[in-house]
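Chemist: Input: one structure, supplied below.
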Amino acid sequence: MDVRLSPEQRALRDAAAQVVDRLGPRTVRDLDDRERAGKLDAAVDASGWRELRTATDGGAPWASGVEAALVAEELGRGLADAPYLGPTLAAELRRATGAPPAAAPETVALTPDLTAVACLAGATAAQGGVAVDAHGAAAAVVLVPAPGGHTLATVALADPGAAAEPVDLTRAAVALDPAAAVVAVPGQARLLSDEAEVRWTALGLALTAADLVGTMRGAVDLAAGYAKERRQYGAPIGSFQAVQHLLADAFVAVEGARSATLHAAWAVDALPADEALAAGAVAKAYASRAARGVCETAIQVHGGIGNTWECLAHVHLRRAILATDVLGGAGPSLARVLDHHRIGGARGLR
Amino acid sequence: MDFGDSPDEAAFRGRLRAWLADNNPGLPASSTSDEYWAGQAAWHRSLYDAGFFGLSWPSDIGGRARPSVYDVIVDEELAAAGAPPRPSLGYLVQGILEHGNEDVRARFLPGIVNGRDRWCQGFSEPDAGSDLASLRTRAERDGDDYVITGHKVWTSYSDVADWCLVLARTDPDVRKHKGLSAFRISMRQPGIEQRPLRMINGITSEFGEVLFDGARVPAADMIGAPGEGWRLAMTVVSHEREPGELGYVARYKKLVKELTAAVRAAPERYGPEQVRDLGWAIVEAEMLRLHVCRRLSDRLDGISHGPEGSVDKLLMTQVEQAVGHAALAVGGAAHGGGDDTWLKVYLYSRAQSVMGGTSQIQRNLVAGRILGLPT
């Protein structure tokens, strides 16, 4: 056992941090700067991070869940408004069925409550679904039931620019057009087995947990920085113990969430599917609960300003709400943990 | 990054598992029973003699000079076997390794590591709790000895200790942190009075008060230089806050496993709130196991005596108290008599946010020394 990051993993993390620190939004107003967002998207595209889970010649992914999670954490920390989670999860589904990588930008569609990947039985998307992280995506991958498993299909997406203001100001979530056609993904070599779907879910839990860890870290940095600057009673508010203890608790929550999340990310490829899922559920339960508290603390430390649109604190909270809901937050994750321990998690906890 | 066992680690795990099958003393947890402490010395020596304790410490003091991550394997296997946790005294070893001279290290450490010598820790006083540096116990030079006079409290297991790591004021004329020195003093001498304290869960063997009234300690048994006592104390307490040093993951995992078995055996007896408390205890205990994997892996780059112990202490406290809440919710309080183990586990968990430095002190340290917030 040695859970230190390798030199290559540290370099990847640092590269992601540099890109998001240079091109990510530094203010709420920056979110409307299309030129900046375009540059960030181009930088993420050029980096190849969205292809980490595409298949090598042997079918294995280019990088493990750990690398994918390290990128997710840094993009979360910097509130990156460029797609990553959606394309990565779509690529993983394609890899699992042996389908070739998407020709055009693509994401995944989830059930309307976001707790699972959408599974559409009809010729159209009438059953409903929500494409997440949909900026710039031409289509969303969905499942179609088949004897012995599932196959993949895509649903074309409307331009998300026309959609209402998203919950997460950095990532679009777009309801599928009920009339849109469900089109089989060409070139699938095999069904998506139940086991492959479990492993895909484990990756999704690890990535969303990592996104939460990053978003939380960014929120703590933001609030601690503000507490050092903002003065009341003739002193920085960060010198007051009441404020210090809020921020200390927030920092500690991030550290706990990160430890669980690193393990979940490693487990995606290293453990049997059911154990990988349990590891993801532990991380997601912990990180979801922590993220809500940490982002609320960031708002509280900012006082009145923290409750205005102009303060970045709510952008962190909104990002955390989406990452929490994708594949289920604390409640559904706790139920998965209990199921894994065979103690009736389904009884009223979902 | 790899959470899995290397071939050597897997072989070690196999040997430990096989040994535990025959050598588990089946003691109750220290937190719930005075019986634990009675059997603890034998357990320590048994674990040490079989090669499963003191794994990461240098071989010249009786350690095995293995990578620190082997302690993770020990904690996991002890919990899986329902065996008692490993003895919690790594913080003493770290403090003496860091501050003791060669003579002190050679004389003091092997007996701590191999379990032949039992130590307690005399830091806190009735008027010096969180404000430890204000302590008033005096050490006055008398020939080749120092004479110790003062009143220590919360000295865990002092009644069975051979030795005490005592922090005392050697120089009353300098600023309060500067005038302290640390000694190893024999507990087997006149001039020492023991007063056990009963904890809120009823156990009497853990907590105590110790009154030193003219007890003697050779000057050669000072640990570190005169005036170095505060720095030594900070090294000791920084590691006393680390679950990886204490081995507490095994204790939490064992408790959670027993609670899980109870619910699995009779699920109809438990409602969603009880199951939810257990679910969080499972998540918390697993988080701490993984956090210790991370911390002990970081030690492969060298040990740190820094403020991250305060982060670990706050995490560990949340875990212990979440497990305590699950113990009360699932195990119940046994109002009509009978086995009150789970009530004792719950009540004992309240001490975790006080012992080794209160949660409020830990938050001060995180805020000031990690987040860099102004004072």
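Going by the structure tokens order, chains are called A, B, ..., each with residues numbered from 1, while ligands are numbered from 1 in the order shown.
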Just want the 8 Å neighbourhood of B:Gly150, counted on only C-alpha atoms, with same-chain residues fewer than 2 positions away dropped. Output as a count of residues only.
Modeler: 8
Chemist: I want to know what sits within 7 Å of A:Trp200, based on only C-alpha atoms, with residues of the same chain fewer than 4 positions away left out; could you give that as a PyMOL selection string?
Modeler: chain A and resi 92+196+204
Chemist: Looking at B:Ser297, B:Gln318, B:Asn201, B:Gln121, which one is nearest to B:Ser353, with distances taken over only C-alpha atoms?
Modeler: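 Of B:Ser297, B:Gln318, B:Asn201, B:Gln121, the one nearest B:Ser353, counting only C-alpha atoms, is B:Gln318.
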Chemist: Considering only C-alpha atoms, return as a VMD selection string whatever protein or nucleic-acid residues lie within 10 Å of A:Ala140, sequence-local ones (same chain, fewer than 2 positions apart) excluded.
Modeler: chain A and resid 86 to 87 90 105 to 110 118 129 to 134 137 to 138 142 153 to 157 174 176 182
Chemist: Find the spatial neighbours of A:His302, counting only C-alpha atoms, within a cut-off of 10 Å - ignore same-chain residues fewer than 5 positions away - and output them as a ChimeraX atom specification.
Modeler: /A:222-224,226-227,230,237,297,307-308,311-313
Chemist: What are the residues of chain B lining chain A at 6 Å or less? Count only C-alpha atoms, and put the answer as a PyMOL selection string.
Modeler: chain B and resi 1-5+264+283+287+290-291+294+297+311+363+366-367+373-375
Chemist: Of the candidates A:Ala290, A:Val71, A:Val213, A:Ala298, which shows the shortest atom-to-atom distance to A:Arg50, using only C-alpha atoms?
Modeler: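 Looking only at the distances to A:Arg50, the closest residue turns out to be A:Val71.
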Chemist: Can you tell me which residues surround stretch 27-39 of chain A at a distance of at most 7 Å, considering only C-alpha atoms, apart from same-chain residues fewer than 2 positions away, and format the answer as a ChimeraX atom specification?
Modeler: /A:23,25,41-43,81,310-312
Chemist: Identify, on the basis of only C-alpha atoms, every residue whose closest approach to stretch 320-323 of chain B does not exceed 7 Å; exclude the query and any residue fewer than 5 positions from it along the same chain; express the result as a ChimeraX atom specification.
Modeler: /B:252,256,280-281,349-350
Chemist: Quick one: write out the picked residues with C-alpha atoms as a PDB file, in the first residue's frame?
Modeler:
ATOM      1  CA  TYR B 252     -14.257   1.710  15.610  1.00  0.00           C
ATOM      2  CA  VAL B 256     -19.419  -1.076  13.799  1.00  0.00           C
ATOM      3  CA  TRP B 280     -23.278   6.960   9.062  1.00  0.00           C
ATOM      4  CA  ALA B 281     -21.134   5.097  11.586  1.00  0.00           C
ATOM      5  CA  SER B 349     -17.343   8.628  23.212  1.00  0.00           C
ATOM      6  CA  ARG B 350     -18.009  11.992  24.809  1.00  0.00           C
TER       7      ARG B 350
END
Chemist: Write out as a PyMOL selection string each polymer residue whose atoms come within 10 Å of A:Val144, counting only C-alpha atoms; drop sequence neighbours fewer than 3 positions from it.
Modeler: chain A and resi 118-123+141+149-154+182-184+192
Chemist: Could you write out, as a PyMOL selection string, all the residues of stretch 59-169 of chain A that DSSP marks as strand (DSSP E or B)?
Modeler: chain A and resi 61+106-110+117+119+124+130-132+139-146+149-156
Chemist: Got a sec to tell me which of stretch 226-371 of chain B DSSP assigns to alpha helix (DSSP H), as a PyMOL selection string?
Modeler: chain B and resi 229-240+243-246+248-265+272-298+308-326+341-349+359-365
